[in-house]
Each structure stands twice: as C-alpha cells, then as structure tokens.
$ cat structure.cif   # mmCIF, C-alpha atoms
data_target
#
loop_
_atom_site.label_atom_id
_atom_site.label_comp_id
_atom_site.auth_asym_id
_atom_site.auth_seq_id
_atom_site.Cartn_x
_atom_site.Cartn_y
_atom_site.Cartn_z
CA MET A 1 10.98 12.33 30.28
CA MET A 2 9.35 11.19 27.05
CA ALA A 3 6.52 13.14 25.47
CA PRO A 4 3.13 11.42 25.74
CA GLN A 5 2.34 9.33 22.67
CA PRO A 6 -1.09 9.20 21.05
CA ALA A 7 -3.09 6.05 21.80
CA ASP A 8 -2.56 4.74 18.28
CA ASP A 9 -0.18 6.42 15.84
CA ARG A 10 -0.80 3.96 12.99
CA ALA A 11 -2.10 5.66 9.89
CA LEU A 12 -5.32 4.24 8.50
CA LEU A 13 -3.75 4.09 5.06
CA GLU A 14 -0.08 4.37 4.22
CA LEU A 15 1.72 3.84 0.94
CA ARG A 16 5.50 3.58 1.08
CA GLY A 17 7.55 3.74 -2.11
CA ILE A 18 4.74 2.22 -4.16
CA ARG A 19 5.51 1.33 -7.76
CA ALA A 20 2.68 -0.01 -9.88
CA GLY A 21 1.25 0.05 -13.37
CA TYR A 22 -0.57 -1.87 -16.04
CA GLY A 23 1.30 -4.74 -17.69
CA ILE A 24 4.73 -3.47 -18.67
CA ILE A 25 3.78 0.19 -18.27
CA ASP A 26 4.73 1.69 -14.90
CA VAL A 27 2.46 4.51 -13.75
CA LEU A 28 3.50 5.02 -10.14
CA HIS A 29 7.21 5.61 -9.53
CA GLY A 30 7.53 5.50 -5.75
CA VAL A 31 4.41 6.97 -4.14
CA ASP A 32 4.50 7.87 -0.44
CA LEU A 33 1.13 8.78 1.07
CA ARG A 34 -0.34 8.75 4.57
CA VAL A 35 -4.00 9.18 5.58
CA GLU A 36 -4.47 9.46 9.35
CA ARG A 37 -7.49 8.26 11.27
CA GLY A 38 -10.41 10.63 10.81
CA GLN A 39 -8.51 12.69 8.25
CA VAL A 40 -9.78 13.95 4.91
CA MET A 41 -7.02 14.02 2.30
CA ALA A 42 -7.34 15.52 -1.16
CA LEU A 43 -5.09 14.03 -3.80
CA LEU A 44 -4.85 16.44 -6.69
CA GLY A 45 -3.17 16.44 -10.03
CA PRO A 46 -3.71 16.56 -13.78
CA ASN A 47 -5.02 13.76 -15.93
CA GLY A 48 -2.54 10.88 -16.18
CA ALA A 49 -0.68 11.74 -12.97
CA GLY A 50 -1.47 8.32 -11.44
CA LYS A 51 -4.20 9.32 -8.98
CA SER A 52 -6.67 6.60 -9.93
CA THR A 53 -3.89 4.02 -10.02
CA THR A 54 -2.98 5.07 -6.47
CA LEU A 55 -6.57 4.38 -5.41
CA GLY A 56 -6.41 1.06 -7.27
CA VAL A 57 -3.39 0.07 -5.19
CA ALA A 58 -4.95 1.32 -1.94
CA SER A 59 -8.11 -0.70 -2.60
CA GLY A 60 -6.18 -3.86 -3.48
CA GLN A 61 -7.29 -3.90 -7.12
CA ILE A 62 -3.81 -3.26 -8.47
CA HIS A 63 -0.90 -5.11 -6.90
CA PRO A 64 2.25 -3.01 -6.55
CA THR A 65 5.47 -4.21 -8.17
CA ALA A 66 7.47 -2.61 -5.33
CA GLY A 67 6.80 -0.76 -2.09
CA ARG A 68 4.44 -1.40 0.82
CA LEU A 69 0.69 -0.99 1.27
CA LEU A 70 -0.13 -0.55 4.95
CA ILE A 71 -3.69 -0.49 6.25
CA SER A 72 -4.04 0.40 9.90
CA GLY A 73 -0.39 -0.50 10.46
CA ARG A 74 -0.50 -3.91 8.77
CA GLU A 75 1.29 -4.62 5.49
CA LEU A 76 -1.30 -5.90 3.05
CA ASN A 77 0.49 -6.21 -0.30
CA GLY A 78 -1.43 -8.79 -2.28
CA VAL A 79 -4.64 -8.71 -0.27
CA ARG A 80 -7.75 -9.54 -2.26
CA PRO A 81 -9.82 -6.41 -3.02
CA GLU A 82 -13.10 -8.02 -1.91
CA ALA A 83 -11.58 -8.92 1.47
CA LEU A 84 -10.38 -5.35 1.90
CA ALA A 85 -13.79 -3.97 0.88
CA ARG A 86 -15.50 -6.29 3.36
CA ALA A 87 -13.20 -5.06 6.12
CA GLY A 88 -14.18 -1.45 5.43
CA VAL A 89 -11.96 0.02 2.69
CA CYS A 90 -14.41 1.32 0.14
CA LEU A 91 -13.74 2.85 -3.27
CA VAL A 92 -16.24 4.92 -5.23
CA PRO A 93 -14.74 4.63 -8.71
CA GLU A 94 -14.43 7.27 -11.40
CA GLY A 95 -17.56 7.69 -13.47
CA ARG A 96 -20.29 5.57 -12.00
CA GLY A 97 -19.78 2.55 -9.85
CA ILE A 98 -23.34 1.43 -10.34
CA PHE A 99 -25.25 -1.14 -12.37
CA PRO A 100 -27.31 0.94 -14.83
CA ASN A 101 -29.67 -1.90 -15.73
CA LEU A 102 -30.71 -2.51 -12.10
CA THR A 103 -33.04 -0.37 -10.03
CA VAL A 104 -31.81 1.86 -7.22
CA ALA A 105 -33.03 -0.64 -4.61
CA GLU A 106 -31.34 -3.54 -6.42
CA ASN A 107 -28.08 -1.62 -6.60
CA ILE A 108 -28.23 -1.05 -2.85
CA ARG A 109 -29.23 -4.66 -2.22
CA MET A 110 -25.96 -5.77 -3.82
CA MET A 111 -24.07 -4.19 -0.94
CA THR A 112 -25.35 -6.87 1.43
CA TYR A 113 -22.23 -8.82 0.34
CA SER A 114 -20.46 -7.07 3.23
CA GLY A 115 -22.56 -9.09 5.68
CA GLY A 116 -25.19 -6.51 6.70
CA SER A 117 -28.88 -7.22 6.36
CA TYR A 118 -30.82 -5.68 3.48
CA ALA A 119 -32.84 -3.54 5.89
CA ASP A 120 -29.67 -2.15 7.53
CA VAL A 121 -27.94 -1.46 4.24
CA GLN A 122 -31.05 0.20 2.81
CA SER A 123 -31.76 2.38 5.84
CA ARG A 124 -28.13 3.55 5.98
CA ALA A 125 -28.15 4.45 2.28
CA PHE A 126 -31.51 6.26 2.35
CA ALA A 127 -30.61 8.12 5.55
CA GLN A 128 -27.66 9.72 3.75
CA PHE A 129 -29.49 10.36 0.48
CA PRO A 130 -33.28 10.62 1.01
CA ARG A 131 -33.74 11.51 -2.66
CA LEU A 132 -32.77 7.96 -3.58
CA GLU A 133 -35.65 6.56 -1.55
CA GLU A 134 -38.10 8.42 -3.78
CA ARG A 135 -36.45 6.79 -6.80
CA ARG A 136 -35.93 3.32 -5.38
CA ARG A 137 -37.86 1.59 -8.17
CA GLN A 138 -36.24 3.59 -10.97
CA LEU A 139 -33.52 2.09 -13.20
CA ALA A 140 -30.17 3.46 -12.02
CA GLY A 141 -29.11 4.24 -15.59
CA THR A 142 -32.03 6.66 -15.97
CA LEU A 143 -31.07 8.77 -12.92
CA SER A 144 -29.42 12.16 -13.43
CA GLY A 145 -25.60 12.30 -13.21
CA GLY A 146 -25.72 13.73 -9.69
CA GLU A 147 -28.21 11.11 -8.51
CA GLN A 148 -26.08 8.34 -10.00
CA GLN A 149 -23.09 9.68 -8.09
CA MET A 150 -25.26 9.82 -4.95
CA LEU A 151 -26.22 6.18 -5.50
CA SER A 152 -22.58 5.30 -5.95
CA MET A 153 -21.72 7.00 -2.65
CA ALA A 154 -24.77 5.51 -0.92
CA ARG A 155 -23.68 2.03 -1.97
CA ALA A 156 -20.26 2.68 -0.46
CA LEU A 157 -21.62 4.15 2.78
CA ALA A 158 -24.13 1.33 3.18
CA THR A 159 -21.23 -0.97 4.09
CA ASP A 160 -20.21 1.31 7.00
CA PRO A 161 -16.65 1.87 5.71
CA ALA A 162 -13.69 2.93 7.85
CA LEU A 163 -11.87 4.42 4.86
CA LEU A 164 -13.76 5.91 1.94
CA MET A 165 -11.98 6.68 -1.31
CA LEU A 166 -13.68 8.90 -3.86
CA ASP A 167 -12.38 9.07 -7.41
CA GLU A 168 -13.28 12.20 -9.39
CA LEU A 169 -16.58 12.78 -7.63
CA SER A 170 -17.20 15.98 -9.58
CA MET A 171 -16.57 14.57 -13.06
CA GLY A 172 -19.22 15.63 -15.55
CA LEU A 173 -21.49 17.21 -12.93
CA ALA A 174 -22.88 20.72 -12.66
CA PRO A 175 -21.13 22.91 -10.05
CA ILE A 176 -24.25 23.09 -7.88
CA ILE A 177 -24.48 19.28 -7.74
CA VAL A 178 -20.77 19.04 -6.95
CA GLU A 179 -21.27 21.47 -4.08
CA GLU A 180 -24.17 19.39 -2.78
CA LEU A 181 -22.13 16.18 -2.95
CA TYR A 182 -19.19 17.77 -1.18
CA GLY A 183 -21.61 18.99 1.47
CA GLN A 184 -22.37 15.32 2.11
CA VAL A 185 -18.65 14.54 2.16
CA ALA A 186 -18.07 17.28 4.75
CA GLU A 187 -20.86 15.81 6.87
CA LEU A 188 -19.26 12.36 6.66
CA ALA A 189 -15.90 13.85 7.61
CA ARG A 190 -17.45 15.36 10.73
CA SER A 191 -18.59 11.87 11.74
CA GLY A 192 -14.91 10.82 11.89
CA LEU A 193 -14.69 8.78 8.70
CA SER A 194 -11.28 8.81 6.98
CA ILE A 195 -11.64 9.95 3.39
CA LEU A 196 -9.20 10.06 0.48
CA ILE A 197 -10.52 12.17 -2.37
CA VAL A 198 -8.98 12.26 -5.82
CA GLU A 199 -9.81 15.26 -7.97
CA GLN A 200 -8.46 17.15 -10.96
CA PHE A 201 -10.18 20.38 -10.05
CA ALA A 202 -9.30 21.58 -6.61
CA GLN A 203 -11.48 24.42 -5.43
CA THR A 204 -14.42 22.50 -3.97
CA VAL A 205 -12.44 19.62 -2.51
CA LEU A 206 -9.93 21.87 -0.74
CA GLY A 207 -12.81 23.28 1.27
CA VAL A 208 -13.47 19.95 2.98
CA ALA A 209 -9.92 18.55 3.17
CA ASP A 210 -7.65 18.56 6.25
CA ILE A 211 -4.57 17.97 4.12
CA ALA A 212 -3.85 17.92 0.41
CA ALA A 213 -1.21 16.44 -1.87
CA ILE A 214 -0.18 17.19 -5.43
CA MET A 215 0.61 14.28 -7.67
CA LEU A 216 2.52 14.60 -10.92
CA GLN A 217 3.97 11.94 -13.22
CA GLY A 218 3.44 9.09 -10.78
CA ARG A 219 4.94 10.78 -7.73
CA ILE A 220 3.67 12.86 -4.83
CA GLN A 221 5.27 16.23 -5.39
CA ARG A 222 4.07 18.01 -2.28
CA THR A 223 1.86 17.48 0.74
CA GLY A 224 0.57 20.25 2.96
CA PRO A 225 -2.36 22.31 4.22
CA PRO A 226 -5.06 22.90 1.59
CA ALA A 227 -4.46 26.66 1.47
CA GLU A 228 -0.77 26.24 0.61
CA ILE A 229 -1.48 23.48 -1.86
CA ALA A 230 -4.03 25.65 -3.68
CA GLU A 231 -1.23 28.09 -4.56
CA GLU A 232 1.19 25.35 -5.57
CA LEU A 233 -1.43 23.62 -7.65
CA THR A 234 -1.76 26.59 -9.98
CA ALA A 235 2.00 26.52 -10.47
CA ALA A 236 1.97 22.75 -11.02
CA TYR A 237 -0.69 22.98 -13.72
CA LEU A 238 0.96 25.90 -15.45
CA GLY A 239 4.48 24.50 -15.12
CA ILE A 240 5.92 27.63 -13.49
CA GLN A 241 8.01 28.35 -10.40
CA SER A 242 5.77 28.20 -7.33
CA PRO A 243 5.82 30.97 -4.69
CA ASN A 244 7.24 28.45 -2.18
CA GLY A 245 10.21 27.69 -4.37
CA GLY A 246 9.08 24.32 -5.74
CA ASP A 247 9.80 23.97 -9.44
CA HIS A 248 7.17 21.92 -11.20
CA MET B 249 -8.77 15.30 12.53
CA SER B 250 -7.60 12.21 14.34
CA ASP B 251 -8.71 11.49 17.85
CA ASP B 252 -6.50 9.63 20.33
CA THR B 253 -9.40 7.40 21.37
CA PRO B 254 -10.36 5.12 18.50
CA SER B 255 -14.08 4.75 17.79
CA PRO B 256 -15.74 1.31 18.10
CA ARG B 257 -15.89 1.15 14.29
CA LEU B 258 -12.12 1.75 14.06
CA ASN B 259 -11.49 -0.94 16.68
CA GLU B 260 -13.61 -3.34 14.66
CA PHE B 261 -11.79 -2.28 11.48
CA GLN B 262 -8.43 -2.93 13.17
CA ARG B 263 -9.60 -6.39 14.20
CA GLU B 264 -10.81 -7.19 10.69
CA VAL B 265 -7.55 -5.94 9.13
CA ASP B 266 -5.53 -8.06 11.57
CA GLU B 267 -7.56 -11.12 10.57
CA LEU B 268 -7.24 -10.55 6.81
CA ARG B 269 -5.55 -13.36 4.92
CA ILE B 270 -3.16 -12.35 2.19
CA THR B 271 -3.51 -14.77 -0.68
CA GLY B 272 -2.21 -12.85 -3.70
CA GLY B 273 0.66 -10.43 -3.75
CA ARG B 274 2.01 -10.46 -7.26
CA ALA B 275 1.47 -7.86 -9.91
CA ASN B 276 0.37 -9.48 -13.17
CA PRO B 277 0.41 -13.14 -11.98
CA GLU B 278 -0.47 -14.45 -15.47
CA ARG B 279 2.79 -13.10 -16.88
CA LEU B 280 4.69 -15.19 -14.31
CA ALA B 281 2.59 -18.26 -15.13
CA VAL B 282 3.30 -17.85 -18.87
CA THR B 283 7.05 -17.56 -18.19
CA VAL B 284 7.04 -20.62 -15.91
CA SER B 285 5.05 -22.65 -18.45
CA ILE B 286 7.55 -21.83 -21.24
CA VAL B 287 10.47 -22.82 -18.98
CA LEU B 288 8.68 -26.08 -18.07
CA PHE B 289 8.02 -26.86 -21.73
CA LEU B 290 11.69 -26.33 -22.61
CA ALA B 291 12.66 -28.57 -19.66
CA ALA B 292 10.30 -31.24 -21.02
CA VAL B 293 11.97 -31.05 -24.44
CA VAL B 294 15.40 -31.46 -22.78
CA ILE B 295 14.09 -34.48 -20.80
CA GLU B 296 12.82 -36.08 -24.02
CA ILE B 297 16.16 -35.55 -25.81
CA ILE B 298 18.08 -37.02 -22.85
CA ALA B 299 15.72 -40.00 -22.70
CA PHE B 300 16.08 -40.59 -26.45
CA LEU B 301 19.89 -40.41 -26.44
CA GLN B 302 20.23 -42.57 -23.32
CA SER B 303 17.82 -45.21 -24.60
CA SER B 304 19.74 -45.44 -27.90
CA ASN B 305 22.93 -46.18 -25.96
CA ALA B 306 21.31 -48.64 -23.53
CA ASP B 307 21.79 -52.35 -24.24
CA ASP B 308 19.96 -53.59 -21.20
CA LEU B 309 16.16 -53.72 -21.41
CA ARG B 310 15.89 -52.49 -17.79
CA ASP B 311 17.86 -49.32 -18.67
CA GLN B 312 15.63 -48.81 -21.70
CA THR B 313 12.55 -49.15 -19.47
CA ASP B 314 13.97 -46.45 -17.19
CA MET B 315 14.37 -44.18 -20.20
CA VAL B 316 10.80 -44.87 -21.30
CA ILE B 317 9.62 -43.81 -17.83
CA LEU B 318 11.79 -40.67 -18.07
CA ALA B 319 10.30 -39.91 -21.51
CA LEU B 320 6.79 -40.33 -20.10
CA LEU B 321 7.69 -37.92 -17.30
CA GLY B 322 8.80 -35.45 -19.97
CA VAL B 323 5.44 -35.83 -21.75
CA VAL B 324 3.59 -35.19 -18.46
CA VAL B 325 5.69 -32.06 -17.79
CA ALA B 326 5.03 -30.83 -21.34
CA MET B 327 1.27 -31.38 -20.97
CA GLY B 328 1.29 -29.56 -17.62
CA ALA B 329 3.21 -26.66 -19.18
CA VAL B 330 0.75 -26.41 -22.09
CA ALA B 331 -2.21 -26.45 -19.66
CA MET B 332 -0.61 -23.72 -17.53
CA PHE B 333 0.14 -21.61 -20.62
CA LEU B 334 -3.43 -21.93 -21.93
CA ARG B 335 -4.96 -21.17 -18.54
CA ALA B 336 -2.86 -18.01 -18.02
CA SER B 337 -3.39 -16.78 -21.59
CA LEU B 338 -7.14 -17.43 -21.53
CA THR B 339 -7.52 -15.79 -18.09
CA ARG B 340 -5.89 -12.67 -19.44
CA TRP B 341 -7.95 -12.72 -22.61
CA PHE B 342 -11.29 -13.29 -20.84
CA ARG B 343 -10.54 -10.57 -18.29
CA TYR B 344 -10.12 -8.01 -21.09
CA TRP B 345 -13.21 -9.45 -22.81
CA LEU B 346 -15.27 -9.05 -19.64
CA VAL B 347 -14.14 -5.46 -19.16
CA ARG B 348 -14.97 -4.73 -22.80
CA LEU B 349 -18.46 -6.23 -22.42
CA ILE B 350 -19.11 -4.16 -19.28
CA TYR B 351 -18.04 -0.96 -21.01
CA GLU B 352 -20.07 -1.73 -24.14
CA ASN B 353 -23.10 -2.53 -22.00
CA ARG B 354 -22.68 0.72 -20.12
CA ALA B 355 -22.27 2.72 -23.33
CA SER B 356 -25.36 1.05 -24.77
CA THR B 357 -27.40 1.96 -21.67
CA ASP B 358 -26.14 5.56 -21.89
CA ARG B 359 -27.26 5.76 -25.53
CA THR B 360 -30.71 4.36 -24.64
CA VAL B 361 -31.13 6.82 -21.77
CA GLU B 362 -29.97 9.69 -23.98
CA ALA B 363 -32.49 8.70 -26.67
CA LEU B 364 -35.29 8.44 -24.09
CA ASN B 365 -34.43 11.88 -22.71
CA GLU B 366 -34.48 13.42 -26.18
CA ASP B 367 -38.05 12.17 -26.80
#
$ encode --input "structure.cif" --output "structure tokens"
Amino acid sequence: MMAPQPADDRALLELRGIRAGYGIIDVLHGVDLRVERGQVMALLGPNGAGKSTTLGVASGQIHPTAGRLLISGRELNGVRPEALARAGVCLVPEGRGIFPNLTVAENIRMMTYSGGSYADVQSRAFAQFPRLEERRRQLAGTLSGGEQQMLSMARALATDPALLMLDELSMGLAPIIVEELYGQVAELARSGLSILIVEQFAQTVLGVADIAAIMLQGRIQRTGPPAEIAEELTAAYLGIQSPNGGDH
Amino acid sequence: MSDDTPSPRLNEFQREVDELRITGGRANPERLAVTVSIVLFLAAVVIEIIAFLQSSNADDLRDQTDMVILALLGVVVAMGAVAMFLRASLTRWFRYWLVRLIYENRASTDRTVEALNED
C-alpha cells in the first residue's frame, strides 16, 4: 500500500539547474533551490556569491540562460516580472526599494498597481508598521534607515504576496533595528507566508528560518537545518574544513 | 512549515500562476536582435550583388525588371536590418542610462538628507 501523499507537493518556488548572469558574465552556475509552501528559507553567502542574482531570476527580472524556474509547479522561464509581482511574488530589493522623493503615503499608493484599492493597500501596510502611519506625509528619503526598510517591506506586504523575497534586509542598519525587522518577519512567517531571505550575516536570520542554504561562487553548496548551517557557514567564510566534512 | 491544506490565498496564487502568460524567455534579447540584424544586413548585401550580376548578364528587359525588383527587396531587407540594429542598440543604451539616472537621483537625495541632518 502506498504512503499517503500530501495534498499538494509542489514547491512554491523551485530553481533547477539555473544558469544566469549579466551580459557575457555568468554569475549562477547551476543553482538548485526549493522553497516549500509556508516555509522560511535563508540563503546565505559572502558578497558576490550570486544571492541577489538568484532573487533576480526568481522574481523574473533576470532571465536564465539555462535551467528551469518553477513557481507553484509551473515552469515560468521568461515570465514578465510585473506579471509575477501581480500574481504574488514580491521582492524587497537590496538597499531601499522606495521612491525617496515621494511621501510615505505616495510610496504606498504606488502599490495599487496590483489591483487592490488604495484604502486596502494602505490599511494593510499601516497594520504591519503603525510607525509609518505617523509619518505618512513625510518624504520617504528623510526617514531613518530602519523606517525606510519598513516602508519597503510595507509596500511589498500591501500587495498580499504569496512569496516574499527579502534581499539583505539588515544592510546598513543598527542591530536593534535588524532585530525589530526580523521580529516582523517571524510574525509574517507564523501567518503562513513563504519567505526567501538573502543575507550575508547569518545570526539573526537563522533564528526565523525553517531551512537554510549556503551559496558560494554561483552554486548552492549545502542546504539543511539552520543550526547545522550556522556551523558550516563559519567554515565557508573562513575557507576551512567544516565539522561535517564539507570542504569549502 | 507547510500545511497539507492550502490557504485560500495559496489557491488564488495557484490560479493566477496557471493563468500567467509567458511572453519573454530569452536572456539578453537585444544581443540576439543585434546578431539577427547583422546577418540580415549581410544577406541584403548578397542579394544586391546577385541582382547586379544577374542584371548585367540579362538581355531581356523582363529579366532586368525582375533583377530590379530583387535589388529593391535587398534594399528593404537592409533598411529593416538597420532599423532592428538601431532599436536593439538604443534599447540597451537607454536602459543603462535610465538605471544611471535613478542611481544618481538616489545619491543626490541621500546627500540632501545627509546635509539636512547635519544642520
């Protein structure tokens, strides 16, 4: 007798043998990655490993030269990024994905492209980050780094995404702000949202992740539970033999 | 972690993904367009040479007219190739220009905010 199968075993996001780059320069050399429904995955690795390029491929902004991009079981190589974003695949880019010359409210208003009304989009954004409501008339460029990152996340969440991808959320922020932001991420994860987080520095992100992967030189070197990956990551950064036998 | 029963949002997401139309699919499409335009231009040159040689050897006016038509076709192909080459090259150039403008604008805003904060 066959073992019972889960209702739907399609991963929300799956990359199979993805090769991609910029012009003639290849950055990804066969990336295999799988984010399950409701899972929080941390993708870790040093600068230049290809993490942001991986997110570019997953969000449809960079077309792979080889391999398959599967979203919820369907191959979507060549899909337009705006169509993917409208469907619910949302990327919070590295740095700030905001318009500094617009106010907080105007930045949020721009997310009505996804089809939601302004009132819906606004209430969803302010429910997650009440601090932004106090600053709704302020120019986004004059917010603090943490608040700008909050606005960036709020804009993404306002579209009610099914898959949220966060690129270097902690970059340039004070540890206490990073902790606060990851508190929000943990809360989102509890609501069942699938999240793929890219980070260089692991400690905070491993606390909220269900699974983690190390990426080096355009390839996924190892995937496993966050606790195991934390040990391997030190070895990967230092270029020494890891306790589990992996030579990085 | 994953639940066996998909949420309404995931069902909706699945429906939207199933309905997505795939219109692109190529990495660096402008590079392909540039290559195709160069090939087309070379083909046009070959057409012109053939038309010239054949018309020189044709005694009958009707054959010469055919060669004139062939030569005109070559000119049309060459013009199409040049248009395709310009479009692909300019698209690439303007894309980089746009990215540069966005970054410069952002850097300028950062400098303004920094100056305001120092005051």
$ atom_distance --input "structure.cif" --atom1 "CA of Ser356 (chain B)" --atom2 "CA of Glu94 (chain A)"
18.4 Å
$ closest_residue --input "structure.cif" --among "A:Gln149, A:Ser144, A:Gln200, A:Gln184" --to "Asn365 (chain B)" --atoms "only C-alpha atoms"
A:Ser144
$ atom_distance --input "structure.cif" --atom1 "CA of Ala174 (chain A)" --atom2 "CA of Thr142 (chain A)"
17.1 Å
$ resolve_selection --input "structure.cif" --expression "the PyMOL selection byres ((chain B and resi 282-286) around 12)" --output "list in words"
Asn276, Pro277, Glu278, Arg279, Leu280, Ala281, Val287, Leu288, Phe289, Leu290, Ala291, Ala292, Val293, Val325, Ala326, Met327, Gly328, Ala329, Val330, Ala331, Met332, Phe333, Leu334, Arg335, Ala336, Ser337, Leu338, Thr339 and Arg340 of chain B
$ write_last_selection --input "structure.cif" --atoms "C-alpha atoms" --output "PDB file, in the frame of the given file"
ATOM      1  CA  ASN B 276       0.370  -9.480 -13.170  1.00  0.00           C
ATOM      2  CA  PRO B 277       0.410 -13.140 -11.980  1.00  0.00           C
ATOM      3  CA  GLU B 278      -0.470 -14.450 -15.470  1.00  0.00           C
ATOM      4  CA  ARG B 279       2.790 -13.100 -16.880  1.00  0.00           C
ATOM      5  CA  LEU B 280       4.690 -15.190 -14.310  1.00  0.00           C
ATOM      6  CA  ALA B 281       2.590 -18.260 -15.130  1.00  0.00           C
ATOM      7  CA  VAL B 287      10.470 -22.820 -18.980  1.00  0.00           C
ATOM      8  CA  LEU B 288       8.680 -26.080 -18.070  1.00  0.00           C
ATOM      9  CA  PHE B 289       8.020 -26.860 -21.730  1.00  0.00           C
ATOM     10  CA  LEU B 290      11.690 -26.330 -22.610  1.00  0.00           C
ATOM     11  CA  ALA B 291      12.660 -28.570 -19.660  1.00  0.00           C
ATOM     12  CA  ALA B 292      10.300 -31.240 -21.020  1.00  0.00           C
ATOM     13  CA  VAL B 293      11.970 -31.050 -24.440  1.00  0.00           C
ATOM     14  CA  VAL B 325       5.690 -32.060 -17.790  1.00  0.00           C
ATOM     15  CA  ALA B 326       5.030 -30.830 -21.340  1.00  0.00           C
ATOM     16  CA  MET B 327       1.270 -31.380 -20.970  1.00  0.00           C
ATOM     17  CA  GLY B 328       1.290 -29.560 -17.620  1.00  0.00           C
ATOM     18  CA  ALA B 329       3.210 -26.660 -19.180  1.00  0.00           C
ATOM     19  CA  VAL B 330       0.750 -26.410 -22.090  1.00  0.00           C
ATOM     20  CA  ALA B 331      -2.210 -26.450 -19.660  1.00  0.00           C
ATOM     21  CA  MET B 332      -0.610 -23.720 -17.530  1.00  0.00           C
ATOM     22  CA  PHE B 333       0.140 -21.610 -20.620  1.00  0.00           C
ATOM     23  CA  LEU B 334      -3.430 -21.930 -21.930  1.00  0.00           C
ATOM     24  CA  ARG B 335      -4.960 -21.170 -18.540  1.00  0.00           C
ATOM     25  CA  ALA B 336      -2.860 -18.010 -18.020  1.00  0.00           C
ATOM     26  CA  SER B 337      -3.390 -16.780 -21.590  1.00  0.00           C
ATOM     27  CA  LEU B 338      -7.140 -17.430 -21.530  1.00  0.00           C
ATOM     28  CA  THR B 339      -7.520 -15.790 -18.090  1.00  0.00           C
ATOM     29  CA  ARG B 340      -5.890 -12.670 -19.440  1.00  0.00           C
TER      30      ARG B 340
END
$ axis_aligned_box --input "structure.cif" --around "region 71-83 of chain A" --padding-each-side "6 Å" --output "AutoDock Vina command-line options"
--center_x -5.9 --center_y -4.6 --center_z 3.7 --size_x 26.4 --size_y 21.9 --size_z 25.5
$ closest_atom_pairs --input "structure.cif" --of "chain A" --to "chain B" --cutoff "6 Å" --atoms "all atoms listed in the file" --output "Markdown table"
| residue | atom | partner | partner_atom | distance |
| --- | --- | --- | --- | --- |
| A:Pro6 | CA | B:Asp252 | CA | 5.5 |
| A:Ala7 | CA | B:Asp252 | CA | 5.2 |
| A:Arg37 | CA | B:Ser250 | CA | 5.0 |
| A:Gly38 | CA | B:Ser250 | CA | 4.8 |
| A:Gln39 | CA | B:Met249 | CA | 5.0 |
| A:His63 | CA | B:Ala275 | CA | 4.7 |
| A:Pro64 | CA | B:Ala275 | CA | 6.0 |
| A:Thr65 | CA | B:Ala275 | CA | 5.7 |
| A:Asn77 | CA | B:Gly273 | CA | 5.5 |
| A:Gly78 | CA | B:Gly273 | CA | 3.0 |
| A:Val79 | CA | B:Ile270 | CA | 4.6 |
| A:Ala87 | CA | B:Glu264 | CA | 5.6 |
| A:Thr142 | CA | B:Val361 | CA | 5.9 |
$ residues_around --input "structure.cif" --residues "Arg74 (chain A)" --least-positions-apart "2" --cutoff "9 Å" --atoms "only C-alpha atoms" --output "list in words"
Arg10, Leu69, Leu70, Ile71, Ser72 and Leu76 of chain A; Val265 and Asp266 of chain B
$ resolve_selection --input "structure.cif" --expression "the PyMOL selection byres ((chain A and resi 230) around 10)" --output "list in words"
Leu44, Ala202, Gln203, Leu206, Ala212, Ala213, Ile214, Gly224, Pro225, Pro226, Ala227, Glu228, Ile229, Glu231, Glu232, Leu233, Thr234, Ala235 and Ala236 of chain A
$ closest_residue --input "structure.cif" --among "A:Ala66, A:Gly146, A:Ser59, A:Ser191" --to "Ile177 (chain A)" --atoms "only C-alpha atoms"
A:Gly146
$ atom_distance --input "structure.cif" --atom1 "CA of Arg136 (chain A)" --atom2 "CA of Met111 (chain A)"
14.7 Å
$ residues_around --input "structure.cif" --residues "Glu168 (chain A)" --least-positions-apart "5" --cutoff "8 Å" --atoms "all atoms listed in the file" --output "ChimeraX atom specification"
/A:93-95,197-200
$ residues_near_point --input "structure.cif" --point "(8.5, 2.8, -2.3)" --cutoff "7 Å" --atoms "all atoms listed in the file" --output "list in words"
Arg16, Gly17, Ile18, Arg19, Gly30, Val31, Asp32, Ala66, Gly67 and Arg68 of chain A
$ residues_around --input "structure.cif" --residues "Leu193 (chain A)" --least-positions-apart "2" --cutoff "7 Å" --atoms "only C-alpha atoms" --output "VMD selection string"
chain A and resid 38 162 to 163 188 to 189 191 195
$ closest_residue --input "structure.cif" --among "B:Val347, B:Ala363, B:Leu309, B:Met315" --to "Ile297 (chain B)" --atoms "only C-alpha atoms"
B:Met315
$ resolve_selection --input "structure.cif" --expression "the PyMOL selection byres ((chain A and resi 35) around 9)" --output "short mmCIF file (atom, residue, chain, number, x, y, z; two decimals) with C-alpha atoms, in the frame of the given file"
data_model
loop_
_atom_site.label_atom_id
_atom_site.label_comp_id
_atom_site.auth_asym_id
_atom_site.auth_seq_id
_atom_site.Cartn_x
_atom_site.Cartn_y
_atom_site.Cartn_z
CA ALA A 11 -2.10 5.66 9.89
CA LEU A 12 -5.32 4.24 8.50
CA LEU A 13 -3.75 4.09 5.06
CA GLU A 14 -0.08 4.37 4.22
CA LEU A 33 1.13 8.78 1.07
CA ARG A 34 -0.34 8.75 4.57
CA GLU A 36 -4.47 9.46 9.35
CA ARG A 37 -7.49 8.26 11.27
CA GLY A 38 -10.41 10.63 10.81
CA GLN A 39 -8.51 12.69 8.25
CA VAL A 40 -9.78 13.95 4.91
CA MET A 41 -7.02 14.02 2.30
CA SER A 194 -11.28 8.81 6.98
CA ILE A 195 -11.64 9.95 3.39
CA LEU A 196 -9.20 10.06 0.48
CA ILE A 211 -4.57 17.97 4.12
#
$ closest_residue --input "structure.cif" --among "A:Leu15, A:Val178, A:Leu166, A:Ile25" --to "Gly73 (chain A)" --atoms "only C-alpha atoms"
A:Leu15
$ residues_around --input "structure.cif" --residues "Gln312 (chain B)" --least-positions-apart "5" --cutoff "9 Å" --atoms "all atoms listed in the file" --output "PDB file with C-alpha atoms, keeping the file's coordinate frame"
ATOM      1  CA  ALA B 299      15.720 -40.000 -22.700  1.00  0.00           C
ATOM      2  CA  GLN B 302      20.230 -42.570 -23.320  1.00  0.00           C
ATOM      3  CA  SER B 303      17.820 -45.210 -24.600  1.00  0.00           C
ATOM      4  CA  SER B 304      19.740 -45.440 -27.900  1.00  0.00           C
ATOM      5  CA  ASN B 305      22.930 -46.180 -25.960  1.00  0.00           C
ATOM      6  CA  ALA B 306      21.310 -48.640 -23.530  1.00  0.00           C
ATOM      7  CA  ASP B 307      21.790 -52.350 -24.240  1.00  0.00           C
ATOM      8  CA  ILE B 317       9.620 -43.810 -17.830  1.00  0.00           C
TER       9      ILE B 317
END
$ closest_residue --input "structure.cif" --among "A:Thr54, A:Thr204, A:Gln217, A:Gln148" --to "Arg135 (chain A)" --atoms "all atoms listed in the file"
A:Gln148
$ closest_residue --input "structure.cif" --among "A:Ala42, A:Met150, A:Leu55, A:Leu28" --to "Phe201 (chain A)" --atoms "only C-alpha atoms"
A:Ala42
